[in-house]
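S.K.: My structure is stored as my_file_20.cif, with mmCIF, C-alpha atoms and all ligand atoms.
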data_run
loop_
_atom_site.label_atom_id
_atom_site.label_comp_id
_atom_site.auth_asym_id
_atom_site.auth_seq_id
_atom_site.Cartn_x
_atom_site.Cartn_y
_atom_site.Cartn_z
CA MET A 29 91.45 119.50 111.66
CA ARG A 30 93.15 117.29 114.26
CA CYS A 31 92.95 113.52 114.61
CA ARG A 32 90.49 112.55 117.35
CA LYS A 33 92.78 109.85 118.66
CA CYS A 34 96.21 111.49 118.62
CA PRO A 35 97.78 114.97 118.17
CA GLN A 36 98.49 114.49 114.43
CA ARG A 37 96.90 116.42 111.56
CA ALA A 38 93.75 114.63 110.33
CA VAL A 39 93.64 113.39 106.73
CA LEU A 40 89.97 112.38 106.62
CA GLY A 41 86.87 113.74 108.32
CA MET A 42 84.18 111.10 108.87
CA PRO A 43 80.90 112.90 109.53
CA ARG A 44 78.93 109.64 109.93
CA HIS A 45 81.05 108.79 112.97
CA ASN A 46 81.44 112.43 113.95
CA THR A 47 85.20 111.98 113.91
CA ALA A 48 88.43 112.57 111.98
CA TYR A 49 91.61 110.51 111.74
CA CYS A 50 95.25 110.92 110.80
CA GLY A 51 96.77 108.36 108.41
CA PRO A 52 97.91 105.75 110.96
CA CYS A 53 94.69 106.04 113.02
CA LEU A 54 92.57 105.73 109.83
CA THR A 55 94.51 102.60 108.89
CA GLU A 56 93.91 101.12 112.31
CA PHE A 57 90.22 102.06 112.21
CA VAL A 58 89.66 100.45 108.80
CA ARG A 59 91.46 97.22 109.70
CA THR A 60 89.48 96.99 112.94
CA GLN A 61 86.23 97.47 111.03
CA VAL A 62 87.17 94.69 108.60
CA GLN A 63 88.08 92.39 111.48
CA LYS A 64 84.70 93.20 113.07
CA ALA A 65 82.91 92.41 109.81
CA ILE A 66 84.70 89.05 109.56
CA LYS A 67 83.66 88.12 113.12
CA ALA A 68 80.12 89.54 113.09
CA GLN A 69 79.18 87.77 109.86
CA THR A 70 81.21 84.60 110.56
CA MET A 71 83.11 84.99 107.29
CA PHE A 72 86.26 82.93 107.88
CA SER A 73 88.92 81.98 110.42
CA PRO A 74 92.74 82.26 110.29
CA GLU A 75 92.99 78.64 109.09
CA ASP A 76 90.76 79.21 106.06
CA ARG A 77 92.14 79.77 102.57
CA ILE A 78 90.61 82.85 100.93
CA LEU A 79 90.38 83.80 97.26
CA VAL A 80 89.89 87.53 96.63
CA ALA A 81 88.40 88.66 93.33
CA VAL A 82 90.55 91.58 92.12
CA SER A 83 89.94 94.08 89.32
CA GLY A 84 92.80 96.56 89.81
CA GLY A 85 90.40 99.10 91.35
CA LYS A 86 90.64 100.52 94.88
CA ASP A 87 88.20 98.19 96.64
CA SER A 88 89.59 94.84 95.61
CA LEU A 89 93.27 95.76 95.95
CA THR A 90 92.57 97.34 99.34
CA LEU A 91 90.75 94.21 100.47
CA TRP A 92 93.65 92.02 99.34
CA GLU A 93 96.11 94.27 101.23
CA ILE A 94 94.05 94.35 104.44
CA LEU A 95 93.54 90.58 104.53
CA LEU A 96 97.29 90.07 104.10
CA LYS A 97 98.07 92.67 106.79
CA LEU A 98 95.62 90.93 109.14
CA GLY A 99 97.48 87.68 108.49
CA TYR A 100 94.84 85.77 106.54
CA ARG A 101 95.85 83.13 103.98
CA THR A 102 94.80 84.98 100.87
CA ASP A 103 95.33 84.54 97.11
CA ALA A 104 93.69 86.56 94.34
CA LEU A 105 91.94 85.95 91.03
CA TYR A 106 91.90 88.47 88.20
CA VAL A 107 89.57 87.96 85.24
CA ASP A 108 90.92 89.71 82.14
CA LEU A 109 87.87 90.94 80.22
CA GLY A 110 89.77 91.83 77.06
CA ILE A 111 88.53 95.43 76.88
CA ALA A 112 91.07 97.33 74.75
CA GLY A 113 93.19 99.71 76.86
CA TYR A 114 91.28 99.39 80.12
CA SER A 115 92.01 95.68 80.61
CA GLU A 116 95.74 96.11 79.93
CA ARG A 117 95.96 98.94 82.44
CA SER A 118 93.97 97.16 85.16
CA HIS A 119 95.91 93.93 84.55
CA GLU A 120 99.16 95.83 85.03
CA LYS A 121 98.04 97.30 88.37
CA VAL A 122 97.08 93.87 89.66
CA GLU A 123 100.37 92.30 88.52
CA ARG A 124 102.32 95.10 90.13
CA PHE A 125 100.52 94.71 93.46
CA ALA A 126 101.09 90.93 93.31
CA ARG A 127 104.81 91.45 92.70
CA ASP A 128 105.50 94.38 95.03
CA VAL A 129 103.20 93.61 97.99
CA ALA A 130 101.54 90.20 97.92
CA LYS A 131 104.48 88.00 96.95
CA ALA A 132 106.42 88.76 100.12
CA CYS A 133 103.41 87.48 102.12
CA GLY A 134 103.39 84.20 100.18
CA SER A 135 100.23 85.22 98.34
CA LYS A 136 99.75 84.43 94.66
CA LEU A 137 97.74 85.82 91.76
CA ILE A 138 95.65 83.59 89.46
CA ILE A 139 94.67 84.96 86.06
CA HIS A 140 91.78 83.90 83.87
CA THR A 141 91.04 85.50 80.51
CA VAL A 142 87.62 85.77 78.88
CA GLU A 143 89.41 85.14 75.62
CA GLU A 144 90.29 81.54 76.60
CA ASP A 145 86.57 80.80 77.19
CA ALA A 146 85.03 82.72 74.33
CA GLY A 147 87.80 83.28 71.77
CA ALA A 148 87.13 87.01 72.07
CA GLY A 149 86.90 89.85 74.59
CA ILE A 150 83.73 90.56 76.58
CA LYS A 151 82.45 93.28 74.23
CA GLU A 152 82.73 91.08 71.13
CA LEU A 153 81.19 88.15 72.99
CA ALA A 154 78.23 90.22 74.21
CA ASN A 155 77.71 91.53 70.69
CA LEU A 156 77.76 88.04 69.25
CA ILE A 157 75.14 86.69 71.64
CA LYS A 158 73.13 89.95 71.67
CA ARG A 159 73.29 90.63 75.37
CA PRO A 160 74.26 93.83 77.20
CA THR A 161 78.01 93.76 77.92
CA CYS A 162 77.60 94.17 81.68
CA SER A 163 75.15 91.31 81.97
CA ALA A 164 77.44 88.94 80.02
CA CYS A 165 80.35 90.20 82.11
CA GLY A 166 78.48 89.61 85.37
CA THR A 167 77.67 86.03 84.35
CA ILE A 168 81.26 85.26 83.38
CA LYS A 169 82.82 86.79 86.47
CA ARG A 170 80.41 85.06 88.88
CA TYR A 171 80.92 81.76 87.09
CA GLN A 172 84.72 81.89 86.90
CA PHE A 173 85.24 83.15 90.46
CA ASN A 174 83.07 80.38 91.80
CA ARG A 175 84.65 77.73 89.59
CA VAL A 176 88.25 78.72 90.39
CA ALA A 177 87.51 78.92 94.13
CA TRP A 178 85.75 75.55 94.07
CA GLU A 179 88.28 73.70 91.92
CA ASN A 180 91.25 75.01 93.91
CA LYS A 181 89.56 74.18 97.22
CA TYR A 182 89.47 77.67 98.67
CA ASP A 183 87.26 77.82 101.75
CA VAL A 184 85.76 81.14 100.83
CA MET A 185 85.64 83.71 98.05
CA ALA A 186 85.86 87.41 98.99
CA THR A 187 84.85 90.46 96.95
CA GLY A 188 85.58 94.15 97.57
CA HIS A 189 81.95 95.34 97.77
CA ASN A 190 81.71 98.29 100.14
CA LEU A 191 78.85 99.99 102.01
CA ASP A 192 78.01 102.23 99.04
CA ASP A 193 77.77 99.20 96.72
CA GLU A 194 75.48 97.34 99.10
CA ALA A 195 73.30 100.34 99.98
CA ALA A 196 72.90 101.22 96.27
CA ARG A 197 72.01 97.65 95.39
CA LEU A 198 69.53 97.50 98.25
CA LEU A 199 67.94 100.74 97.08
CA GLY A 200 67.60 99.32 93.56
CA ASN A 201 66.09 96.08 94.83
CA VAL A 202 63.64 97.89 97.09
CA LEU A 203 62.61 100.43 94.43
CA ASN A 204 61.72 97.55 92.14
CA TRP A 205 60.49 95.27 94.95
CA GLN A 206 62.82 92.50 93.89
CA GLU A 207 62.22 90.51 97.03
CA GLU A 208 63.83 87.39 95.64
CA TYR A 209 67.15 89.28 95.44
CA LEU A 210 66.97 90.58 98.99
CA GLN A 211 67.90 87.28 100.58
CA LYS A 212 71.06 87.17 98.46
CA GLN A 213 72.17 90.57 99.75
CA SER A 214 73.89 89.37 102.86
CA PRO A 215 77.64 90.01 103.43
CA THR A 216 78.03 86.23 103.89
CA LEU A 217 76.47 83.69 101.54
CA PRO A 218 76.82 80.03 102.53
CA ALA A 219 78.30 77.28 100.36
CA SER A 220 74.72 76.06 100.09
CA VAL A 221 75.17 73.21 97.61
CA GLU A 222 77.96 71.06 96.17
CA GLY A 223 79.83 73.26 93.68
CA PHE A 224 79.05 76.63 95.27
CA SER A 225 81.77 78.44 97.22
CA LYS A 226 81.00 80.45 100.31
CA LYS A 227 81.03 84.17 99.41
CA VAL A 228 81.85 87.12 101.67
CA LYS A 229 82.13 90.93 101.51
CA PRO A 230 84.51 92.05 104.28
CA LEU A 231 84.37 95.76 103.31
CA TYR A 232 80.60 96.11 103.80
CA ARG A 233 81.11 98.34 106.86
CA MET A 234 83.33 100.86 104.99
CA THR A 235 82.09 103.62 102.70
CA GLU A 236 83.61 103.93 99.28
CA ARG A 237 85.34 107.15 100.33
CA GLU A 238 86.87 105.55 103.42
CA VAL A 239 88.21 102.67 101.31
CA ALA A 240 89.72 105.10 98.79
CA ALA A 241 91.27 107.15 101.61
CA TYR A 242 92.80 103.97 103.07
CA ALA A 243 94.25 103.14 99.64
CA VAL A 244 95.81 106.62 99.28
CA VAL A 245 97.22 106.64 102.83
CA ASN A 246 98.69 103.17 102.40
CA ARG A 247 100.08 103.93 98.93
CA ILE A 248 98.08 101.19 97.24
CA ASP A 249 98.66 101.81 93.55
CA TYR A 250 95.20 101.21 92.06
CA LEU A 251 93.58 102.13 88.76
CA VAL A 252 91.50 105.31 89.19
CA GLU A 253 90.08 104.93 85.68
CA GLU A 254 86.74 103.11 85.47
CA CYS A 255 85.69 100.36 83.09
CA PRO A 256 84.41 102.24 80.01
CA MET A 257 81.25 100.12 80.02
CA SER A 258 80.17 101.45 83.42
CA LYS A 259 79.22 104.84 81.97
CA GLY A 260 75.53 105.51 82.59
CA ALA A 261 75.14 102.51 84.92
CA LYS A 262 72.01 102.62 87.10
CA MET A 263 74.17 101.92 90.17
CA LEU A 264 75.88 105.29 89.73
CA VAL A 265 72.53 107.07 89.92
CA TYR A 266 71.56 105.21 93.10
CA LYS A 267 74.95 105.98 94.63
CA ASP A 268 74.64 109.65 93.77
CA VAL A 269 71.18 109.87 95.34
CA LEU A 270 72.41 108.15 98.50
CA ASN A 271 75.41 110.47 98.73
CA ARG A 272 73.12 113.50 98.49
CA LEU A 273 71.08 112.11 101.37
CA GLU A 274 74.30 111.33 103.24
CA ALA A 275 75.41 114.97 102.89
CA GLU A 276 72.14 116.14 104.47
CA SER A 277 72.11 113.47 107.13
CA PRO A 278 75.42 111.70 107.80
CA GLY A 279 75.03 107.99 108.50
CA THR A 280 72.09 107.48 106.11
CA LYS A 281 73.87 104.79 104.09
CA HIS A 282 74.90 102.67 107.03
CA ARG A 283 71.54 103.04 108.80
CA PHE A 284 69.82 101.93 105.60
CA TYR A 285 71.97 98.86 104.96
CA TRP A 286 72.66 97.81 108.55
CA GLY A 287 68.96 98.21 109.37
CA PHE A 288 68.23 95.85 106.53
CA LEU A 289 70.74 93.31 107.90
CA GLU A 290 69.06 93.46 111.33
CA LYS A 291 65.64 92.81 109.83
CA GLN A 292 67.03 90.05 107.67
CA LYS A 293 68.52 88.35 110.71
CA LYS A 294 65.16 88.41 112.49
CA ALA A 295 63.29 87.19 109.40
CA ALA A 296 65.78 84.33 108.97
CA GLU A 297 64.46 82.73 112.17
CA SER A 298 61.03 82.18 110.64
CA THR A 299 61.78 81.54 106.95
CA PRO A 300 63.55 78.57 105.34
CA SER A 301 67.32 79.16 105.10
CA MET A 302 69.02 79.91 101.82
CA THR A 303 70.77 76.56 102.07
CA ASP A 304 67.40 74.80 102.19
CA SER A 305 65.92 76.75 99.30
CA ASP A 306 69.09 76.38 97.18
CA GLN A 307 69.17 72.65 97.79
CA ALA A 308 65.55 72.42 96.70
CA THR A 309 66.03 74.40 93.47
CA LEU A 310 69.61 73.86 92.24
CA LEU A 311 70.91 70.91 90.22
CA PRO A 312 74.28 70.34 88.52
CA CYS A 313 74.52 71.87 85.02
CA GLU A 314 74.29 69.17 82.33
CA THR A 315 77.37 70.56 80.59
CA CYS A 316 79.77 71.70 83.31
CA GLY A 317 78.37 70.40 86.60
CA GLN A 318 78.09 73.79 88.36
CA PRO A 319 74.84 74.35 90.28
CA THR A 320 72.01 75.92 88.27
CA THR A 321 68.22 76.25 88.28
CA ALA A 322 67.99 75.47 84.55
CA GLY A 323 69.17 72.22 82.91
CA THR A 324 72.19 73.99 81.42
CA CYS A 325 73.67 76.96 83.32
CA THR A 326 73.65 80.53 81.98
CA PHE A 327 77.39 80.44 81.35
CA CYS A 328 77.28 77.24 79.27
CA ARG A 329 74.26 78.50 77.30
CA MET A 330 76.13 81.72 76.59
CA MET A 331 79.20 79.84 75.35
CA ALA A 332 77.07 77.54 73.20
CA ARG A 333 75.33 80.55 71.63
CA ALA A 334 78.72 82.18 70.95
CA LYS A 335 79.92 79.02 69.21
CA THR A 336 76.91 78.71 66.90
CA ALA A 337 77.07 82.44 66.12
CA THR A 338 80.65 82.17 64.85
CA HIS A 339 79.93 79.16 62.58
CA MET B 21 95.92 126.71 91.62
CA LYS B 22 96.01 123.76 89.27
CA VAL B 23 93.19 121.26 89.73
CA HIS B 24 93.26 117.83 88.13
CA LEU B 25 89.91 116.11 87.54
CA SER B 26 89.14 112.59 86.30
CA HIS B 27 86.44 110.93 84.17
CA PRO B 28 87.44 112.39 81.77
CA ASN B 29 91.00 113.47 82.67
CA ARG B 30 91.40 117.24 82.57
CA ASP B 31 93.14 120.16 84.32
CA ILE B 32 91.56 123.45 85.28
CA GLU B 33 92.76 126.65 87.03
CA LEU B 34 91.08 128.11 90.11
CA GLN B 35 91.96 131.27 92.02
CA GLY B 36 93.64 130.57 95.37
CA PRO B 37 93.93 130.54 98.30
CA LYS B 38 90.76 128.62 98.95
CA ARG B 39 89.37 126.20 101.52
CA VAL B 40 88.82 122.64 100.30
CA ALA B 41 85.13 122.94 101.26
CA ASP B 42 84.81 126.00 99.00
CA ILE B 43 86.46 124.17 96.11
CA PHE B 44 83.78 121.47 96.41
CA LYS B 45 81.10 124.20 96.34
CA GLU B 46 82.60 126.04 93.41
CA LEU B 47 82.86 122.86 91.34
CA GLN B 48 79.42 121.71 92.56
CA LEU B 49 80.75 118.38 93.78
CA ILE B 50 79.47 116.27 96.68
CA PRO B 51 82.35 115.84 99.17
CA GLU B 52 81.25 112.24 99.89
CA ALA B 53 82.09 111.25 96.29
CA PHE B 54 85.64 112.70 96.10
CA LEU B 55 88.99 112.96 97.83
CA ILE B 56 91.29 115.98 97.53
CA ILE B 57 94.95 115.02 97.22
CA ARG B 58 97.96 117.34 97.32
CA GLY B 59 101.16 115.52 96.38
CA GLN B 60 100.51 112.19 98.07
CA ASP B 61 98.52 113.63 100.98
CA LEU B 62 94.79 113.76 101.60
CA MET B 63 93.34 117.13 102.61
CA THR B 64 90.37 117.66 104.92
CA GLU B 65 87.65 120.18 104.09
CA ASP B 66 88.89 122.92 106.40
CA GLU B 67 92.38 123.04 104.87
CA ILE B 68 93.52 125.87 102.60
CA VAL B 69 94.85 125.24 99.11
CA LYS B 70 97.37 127.95 98.14
CA ASP B 71 97.35 129.60 94.74
CA GLU B 72 100.67 127.98 93.80
CA ASP B 73 99.47 124.46 94.77
CA SER B 74 98.48 121.60 92.47
CA ILE B 75 95.73 119.31 93.69
CA GLU B 76 93.87 116.29 92.41
CA VAL B 77 90.11 115.90 92.84
CA ARG B 78 89.81 112.13 92.78
CA PRO B 79 86.42 110.47 92.32
CA VAL B 80 85.86 107.51 94.65
CA ILE B 81 82.60 106.13 93.24
CA SER B 82 82.82 103.05 91.02
CA GLY B 83 80.03 101.97 88.75
CA GLY B 84 80.51 98.23 88.13
S1 LIG A 401 81.22 97.95 83.93
FE1 LIG A 401 80.22 96.20 82.98
S2 LIG A 401 81.75 95.37 81.55
FE2 LIG A 401 82.83 96.73 82.95
S3 LIG A 401 83.56 95.40 84.59
FE3 LIG A 401 81.58 96.21 85.28
S4 LIG A 401 80.09 94.67 84.62
FE4 LIG A 401 81.98 94.27 83.48
ZN ZN A 402 95.81 109.81 114.89
ZN ZN A 403 77.37 74.97 82.94
#
Turn this file's structure into structure tokens for me.
M.R.:
Amino acid sequence: MRCRKCPQRAVLGMPRHNTAYCGPCLTEFVRTQVQKAIKAQTMFSPEDRILVAVSGGKDSLTLWEILLKLGYRTDALYVDLGIAGYSERSHEKVERFARDVAKACGSKLIIHTVEEDAGAGIKELANLIKRPTCSACGTIKRYQFNRVAWENKYDVMATGHNLDDEAARLLGNVLNWQEEYLQKQSPTLPASVEGFSKKVKPLYRMTEREVAAYAVVNRIDYLVEECPMSKGAKMLVYKDVLNRLEAESPGTKHRFYWGFLEKQKKAAESTPSMTDSDQATLLPCETCGQPTTAGTCTFCRMMARAKTATH
Amino acid sequence: MKVHLSHPNRDIELQGPKRVADIFKELQLIPEAFLIIRGQDLMTEDEIVKDEDSIEVRPVISGG
């Protein structure tokens, strides 16, 4: 197979675009798509300071690399979950990328450990408060990313969610008719209230496979291994189903998610904005001050439960 | 050919030469969920893997 843009050998066929690219042309294509995403969803400008949430996996390290290559002022935050083996290995990948790639661009890595909040790793904490590990983990990561971005005055927080992530989440939300979640599924969420950072997903136009191919071509040394807790996750089933549909009919995933974004844009003209509804429902947490719908936020309640459980 | 698979990590032997597309079929894998890597290079589905080659079948789907 030949590259469609130059005479080189292709390294990736992309049926959904009916095309194939060599390494350099793939790199250019991906960076252009990310730049388009940033513009189309008014994510940030070259003056803004961006905090990328990194895990050591392909999506977040690729996002960090692309934003630096595009010249954006980007730092990264890694939350160490304290999962034996996996956390050490992912931590090491992130540190290595920070040292070998990011540092030269003046970009720094911030590290937060679950242990400093909870006195234990995420598995032990979840056990203690009798919650599924992934739900406790989700709460902690959302809370800490938002807090670190807010306290360090970053203009926006970016995550490495790709098209497969967003299409799978949309499928899950639609299958269960979780309409209240649909509004929150936009690639750009505003800093709706005091204490909430703006949140963006610049990779939403790229499939998971395209992101991985970019990482391989650009020698981004990421952790292929998955978090051991992700085994059996519902998301994996949704992704598998979507990829089977994609094989039959290339472009299914992007038609599904982009179609949703179009409809959402139209609906936004007639419904109250998220900023309005957030301002009407969110108040500062009585313990930490972060916005919450309850008196005390989920994170603070979790930490309080952990404390009583150990005494 | 030697084929390295992940989740869990393991190595298997397949008879070569074989097209990448046929390797996907034989292992019953969906191409959209994997990349085939020889050395440091990605291979497209029409390329031939020789019997003496070593390749990696790398999953690209994350669950978190
Ligand atoms: S799989 Fe679960 S525990 Fe692991 S990083 Fe994802 S949410 Fe956290
Ligand atoms: Zn090319
Ligand atoms: Zn709180």
S.K.: Once you count only C-alpha atoms and all ligand atoms, what closest atom pair and distance in Å to one decimal does each residue of chain A within 9 Å of ligand LIG 401 (chain A) have, with rows by chain and rising residue number, as JSON lines?
M.R.:
{"residue": "A:Ser83", "atom": "CA", "partner": "A:LIG401", "partner_atom": "S3", "distance": 8.1}
{"residue": "A:Leu109", "atom": "CA", "partner": "A:LIG401", "partner_atom": "FE4", "distance": 7.5}
{"residue": "A:Ile111", "atom": "CA", "partner": "A:LIG401", "partner_atom": "S2", "distance": 8.2}
{"residue": "A:Ile150", "atom": "CA", "partner": "A:LIG401", "partner_atom": "S2", "distance": 7.2}
{"residue": "A:Lys151", "atom": "CA", "partner": "A:LIG401", "partner_atom": "S2", "distance": 7.6}
{"residue": "A:Pro160", "atom": "CA", "partner": "A:LIG401", "partner_atom": "FE1", "distance": 8.6}
{"residue": "A:Thr161", "atom": "CA", "partner": "A:LIG401", "partner_atom": "S2", "distance": 5.5}
{"residue": "A:Cys162", "atom": "CA", "partner": "A:LIG401", "partner_atom": "FE1", "distance": 3.6}
{"residue": "A:Ser163", "atom": "CA", "partner": "A:LIG401", "partner_atom": "S4", "distance": 6.5}
{"residue": "A:Ala164", "atom": "CA", "partner": "A:LIG401", "partner_atom": "FE4", "distance": 7.8}
{"residue": "A:Cys165", "atom": "CA", "partner": "A:LIG401", "partner_atom": "FE4", "distance": 4.6}
{"residue": "A:Gly166", "atom": "CA", "partner": "A:LIG401", "partner_atom": "S4", "distance": 5.4}
{"residue": "A:Thr167", "atom": "CA", "partner": "A:LIG401", "partner_atom": "S4", "distance": 9.0}
{"residue": "A:Lys169", "atom": "CA", "partner": "A:LIG401", "partner_atom": "FE4", "distance": 8.1}
{"residue": "A:Glu254", "atom": "CA", "partner": "A:LIG401", "partner_atom": "S1", "distance": 7.7}
{"residue": "A:Cys255", "atom": "CA", "partner": "A:LIG401", "partner_atom": "FE2", "distance": 4.6}
{"residue": "A:Pro256", "atom": "CA", "partner": "A:LIG401", "partner_atom": "FE2", "distance": 6.4}
{"residue": "A:Met257", "atom": "CA", "partner": "A:LIG401", "partner_atom": "S1", "distance": 4.5}
{"residue": "A:Ser258", "atom": "CA", "partner": "A:LIG401", "partner_atom": "S1", "distance": 3.7}
{"residue": "A:Lys259", "atom": "CA", "partner": "A:LIG401", "partner_atom": "S1", "distance": 7.4}
{"residue": "A:Ala261", "atom": "CA", "partner": "A:LIG401", "partner_atom": "S1", "distance": 7.7}
S.K.: Near Leu217 in chain A, within 8 Å and counting all atoms listed in the file, which residues show up once chain neighbours fewer than 4 positions away are dropped, as a list in words?
M.R.: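 Within the cut-off, the hits are Lys212, Lys226, Lys227 and Val228 of chain A.
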S.K.: Ranking B:Lys38, B:Lys70, B:Arg58, B:Lys22 by minimum distance to chain A and counting all atoms listed in the file, which one comes first?
M.R.: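 Of the candidates, the smallest distance to chain A is held by B:Arg58.
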S.K.: Under the rule of at most 6 Å, produce a per-residue listing of chain B near chain A: chain, number, name, the closest pair of atoms, and the distance in Å, as a tab-separated table, using all atoms listed in the file.
M.R.:
residue	atom	partner	partner_atom	distance
B:Leu62	CA	A:Val39	CA	5.3
B:Met63	CA	A:Val39	CA	5.6
B:Thr64	CA	A:Leu40	CA	5.6
B:Val80	CA	A:Arg237	CA	5.7
B:Gly83	CA	A:Ser258	CA	5.4
B:Gly84	CA	A:Ser258	CA	5.7
S.K.: Counting all atoms listed in the file, which residue out of B:Ile43, B:Ile57, B:Val69, B:Val77 sits closest to Asp31 in chain B?
M.R.: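 Of all the options, B:Val77 lies closest to Asp31 in chain B.
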S.K.: Just to confirm, what's the straight-line distance from CA of Leu98 in chain A to CA of Asp61 in chain B in Å (one decimal)?
M.R.: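 The value is 24.3 Å.
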S.K.: Counting all atoms listed in the file, figure out which residue out of A:Tyr106, A:Ser220, A:Thr320, A:Arg233 gets nearest to Ser305 in chain A.
M.R.: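 Checking each of A:Tyr106, A:Ser220, A:Thr320, A:Arg233 against Ser305 in chain A, counting all atoms listed in the file, the winner is A:Ser220.
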S.K.: Just how far from CA of Ser115 in chain A is CA of Leu96 in chain A, in Å to one decimal?
M.R.: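 Interatomic distance here is 24.7 Å.
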